[in-house]
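Engineer: The structure is given below, and queries will be raised subsequently.
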Amino acid sequence: MEICQRVAAGDEDARRELMELLFDRIHKTASYLTGSPEEAEDVAQAACMEVLASAGSFRGNSTLQYWADRVTLFTASKIVSTRTRRQGILDKYFHPAEPMPGVDEQADYPEIQQRLALHLRKVKYAQREVLLLRYVHGYTINEAAKLCGIPLETARGRLKKGRATLKKKVMADPLLREWVQEWVLK
Amino acid sequence: MGAKMTRKIETYEFDDAMTDVFRNSPDWGACGTIDDVRRRRMMNNILSRAPSVLAERQMPDIFEHDTQSTSGRFKKVVLLAAAFILGLVVTGIFVSGINLSESNTNVSPVTDLWFGEVLEKSGALSLGDVPAPANAPIPVGKSIMTQDGTAMMRLPTGIDWWMRQSGHGKVVAAESTHILAEVLDGESWFRVDPNRVGPSFSLNTRLGRIDVTGTIFVVHATPSDVSVSLLKGEVWVTRYSGERVLVKTGHTVTLSDGRQTEIPVVEQQSLDEQLVRLSWKDKNIGHDASVTDASDAQHLKSGRKSLGMSGGFAKYSGRNLDIQQIHREIQKYRKIGDWNRVAVLYRQLIQSAPGSEAAMVSRVALGNVYQVKLHRYNDALQQFNRYIRSGHTALLPEAIYGKCTTLKSTRNISAEKKCLETFVSEFPGAFQSRDAKNRLDALQGM
């Protein structure tokens with residue numbers, strides 16, 4: 001609260017402190033929400049700027065992290081929707097028959113997290129938001145619904161659908177399927 | 001293992017597993033962490049930009065002070081109304097050609113010279129350190145910077161300016177007799193209408209000045225040198241020390257600190273190939289190898305796909321050396337016209353760092369080689385399609401136009417027509433759009 005007031009008053013040290021405190025979290029959220037590291041950096045920078053700009057509006061009713069997550073989600077949804085519009089144009093006009101590029105090029109992603117992140121990025125954006133809040137930041141479904149600004153039932157539905165999609169993709173991936181089985185039996 | 005594999009995973013178990021791996025794993029790999037150098041660089045960038053951005057954001061406070069006694073909702077309405085009126089005024093300036101500066105200073109009779117306009121952009125663009133939307137006016141004297149993607153700007157009297165990613169420049173002066181712009185960093189493309197009527201146009205760079213008549217040319221500025229490549233027409237390039245050279249179509253002049261060299265291009269390279277070559281150079285030459293951290297070394301070892309950090313930091317520093325060698329080979333074989341060998345080398349380059357910027361732009365170059373030189377149209381289409389699907393947008397117009405011309409070669413008229421329609425509607429400002437429109441008109445009658 002105090003740090004936000006200092007930021008709002010234009011204190012440069014406070015800005016740096018606030019960024020040190022929140023940057024990693026913002027960047028992590030942006031990484032999961034967006035489709036590429038470049039886009040993640042853009043979103044993270046925009047979200048950080050938004051956090052600094054609206055620090056004065058932080059009232060201390062929630063934790064700083066919760067507030068930062070909300071700002072990041074809002075910023076990300078704005079940027080991602082703009083960019084997907086352009087991608088949508090491509091999808092609309094071009095339907096090449098060949099398989100996705102680089103089955104050969106993407107084959108070696110041995111690490112579990114990277115593979116999971118790849119699958120998570122294929123889940124619809126709205127569902128991904130809820131999954132991210134639930135799995136990565138550990139929010140309850142109530143909190144996730146509030147953060148996304150959607151009714152509780154909608155959040156539940158998105159979590160359910162998102163989870164089902166992710167599970168389907170995970171179980172279709174031999175490496176991840178094996179890992180999940182082993183994890184459960186552990 | 002067989003028995004384990006058939007075990008049904010309950011939802012709560014799946015949730016627990018996901019939570020465990022996403023939250024508790026110490027190594028986030030590509031999904032959540034960022035190396036220290038990049039992190040510091042980003043934070044410094046944010047903190048250095050913050051004061052100016054915040055100052056801009058605080059502008060509405062003027063209205064807030066005036067309406068302190070009113071309720072929050074009313075304040076919002078007042079602000080929205082003010083923004084709307086401001087928008088109308090700005091639109092009015094453009095529509096009627098009236099200029100705020102002119103009304104204040106009453107200096108220039110050529111009213112529309114004070115502003116250019118951002119026509120289209122595919123990434124973040126800032127004008128005077130403030131993020132700018134498409135259609136934003138370009139004020140004279142303020143810096144124009146692109147972070148990613150390309151911004152297309154139109155200056156008055158037939159001057160189009162494409163600023164590629166990580167570009168930096170500004171319009172220095174716009175007078176009734178002369179327009180002066182400046183390219184400070186990165187790659188910029190200019191198309192100046194040879195038939196335009198109005199003030200002369202010249203361009204300052206760090207090492208010299210370019211006087212333009214009517215032409216298409218590329219300026220590529222790095223901290224060490226500035227290169228000017230002519231794709232059409234001619235320009236005079238003058239070093240600040242006084243040396244002057246006329247650069248003609250197909251030639252490149254590189255200005256370095258101590259010397260000026262003219263490199264005649266043996267073969268007239270096509271527009272796309274030139275573009276690809278310069279984009280590649282932009283990404284992979286002259287980067288600081290020290291930024292590559294241990295995780296990159298791991299990526300190299302495991303041969304994983306590039307993470308392609310934006311902003312000019314080269315990933316794969318070890319591979320970059322290979323890529324540069326391959327690229328030198330490509331240039332060598334291009335000059336002697338061994339196109340089969342060129343295609344093999346491009347494929348090798350793509351395979352050496354799949355997913356990297358160099359590989360992405362090489363796909364477009366390879367597509368062009370297949371199409372124009374080897375007449376392997378299916379292979380060319382495959383390369384263009386792969387680029388288009390990859391989500392990489394820097395050479396999207398070139399890739400789509402390449403696809404259109406390849407379809408023309410395969411005489412697939414309906415597909416070509418569709419492709420051209422898409423190109424013309426989505427990239428009306430691209431420099432190939434004129435040719436595309438002409439071809440489309442010709443196809444309409446068929």
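The way I read the labels, and the way they are meant: chains A, B, ... in the order of the structure tokens, residue 1 as the first residue of every chain, and ligand 1 as the first ligand shown, with later ones counted on from there.
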For chain A, which residues have at least one atom within 6 Å of chain B, if we go by only C-alpha atoms? Write them as a ChimeraX atom specification, please.
Structural biologist: /A:28,31,38,53,135-136
Engineer: Let me see the file: selected residues, C-alpha atoms, as a compact mmCIF listing (two decimals), in the first residue's frame.
Structural biologist:
```txt
# COMPACT_ATOMS: atom_id res chain seq x y z
CA LYS A 28 5.02 -15.64 -15.68
CA SER A 31 4.07 -16.27 -20.57
CA GLU A 38 8.02 -12.37 -27.73
CA ALA A 53 0.33 3.98 -14.01
CA TYR A 135 -2.95 -24.17 -11.58
CA VAL A 136 -0.19 -21.59 -11.70
```
Engineer: Pick out the residues sitting within 12 Å of Asp173 of chain A, and hand them over as a short mmCIF file (atom, residue, chain, number, x, y, z; two decimals) with C-alpha atoms, in the first residue's frame; count only C-alpha atoms, and ignore anything fewer than 2 positions along from it in its own chain.
Structural biologist:
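The result, stored in around_29.cif:
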```cif
data_model
loop_
_atom_site.label_atom_id
_atom_site.label_comp_id
_atom_site.auth_asym_id
_atom_site.auth_seq_id
_atom_site.Cartn_x
_atom_site.Cartn_y
_atom_site.Cartn_z
CA ALA A 107 9.77 -33.25 -31.73
CA TYR A 109 10.74 -31.06 -26.15
CA PRO A 110 11.58 -33.58 -23.51
CA ILE A 112 7.42 -31.96 -18.87
CA ARG A 115 5.36 -29.77 -23.18
CA LEU A 116 2.61 -28.88 -20.76
CA LEU A 118 2.76 -25.93 -25.20
CA HIS A 119 -0.47 -27.85 -24.65
CA LEU A 166 -5.85 -30.02 -21.54
CA LYS A 167 -6.35 -33.52 -20.18
CA LYS A 168 -7.17 -34.80 -23.64
CA LYS A 169 -4.03 -33.27 -25.05
CA VAL A 170 -1.91 -34.45 -22.16
CA MET A 171 -3.19 -38.00 -22.39
CA LEU A 175 5.53 -38.73 -22.54
CA LEU A 176 3.05 -36.71 -20.51
CA ARG A 177 0.63 -39.61 -20.19
CA GLU A 178 3.35 -41.73 -18.72
CA TRP A 179 4.44 -38.93 -16.41
CA VAL A 180 0.88 -38.32 -15.11
#
```
Engineer: So, with only C-alpha atoms as the atoms that count, which of B:Asn368, B:Thr249, B:Asn204, B:Gln165 lies closest to Ile216 of chain B?
Structural biologist: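 Closest candidate: B:Thr249.
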Engineer: Separation of atom CA of Ala126 of chain A and atom CA of Ser77 of chain A, in Å?
Structural biologist: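 Distance reported for this atom pair: 8.9 Å.
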Engineer: Hey, what's within 7 Å of segment 42-50 of chain A if we count only C-alpha atoms and toss same-chain stuff fewer than 3 positions away? As a short mmCIF file (atom, residue, chain, number, x, y, z; two decimals) with C-alpha atoms, in the first residue's frame, please?
Structural biologist:
```cif
data_model
loop_
_atom_site.label_atom_id
_atom_site.label_comp_id
_atom_site.auth_asym_id
_atom_site.auth_seq_id
_atom_site.Cartn_x
_atom_site.Cartn_y
_atom_site.Cartn_z
CA ILE A 26 3.59 -10.58 -14.23
CA HIS A 27 5.99 -12.12 -16.72
CA ALA A 30 1.99 -13.27 -19.48
CA GLU A 38 8.02 -12.37 -27.73
CA GLU A 39 4.34 -11.78 -27.17
CA ALA A 53 0.33 3.98 -14.01
CA SER A 54 -2.51 2.78 -11.85
CA VAL A 71 -4.14 -5.76 -14.23
CA THR A 72 -2.09 -8.34 -16.16
CA THR A 75 -3.85 -5.98 -20.36
CA ALA A 76 -3.17 -9.41 -21.84
CA ILE A 79 -3.31 -7.26 -26.57
CA ILE B 46 10.04 -0.11 -18.42
CA ALA B 50 7.63 5.08 -17.20
#
```
Engineer: Which of these, A:Gly157, A:Gly138, A:Gln5, A:Thr29, has the shortest distance to Ser57 of chain A once you count only C-alpha atoms?
Structural biologist: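 Of the candidates, the smallest distance to Ser57 of chain A is held by A:Gln5.
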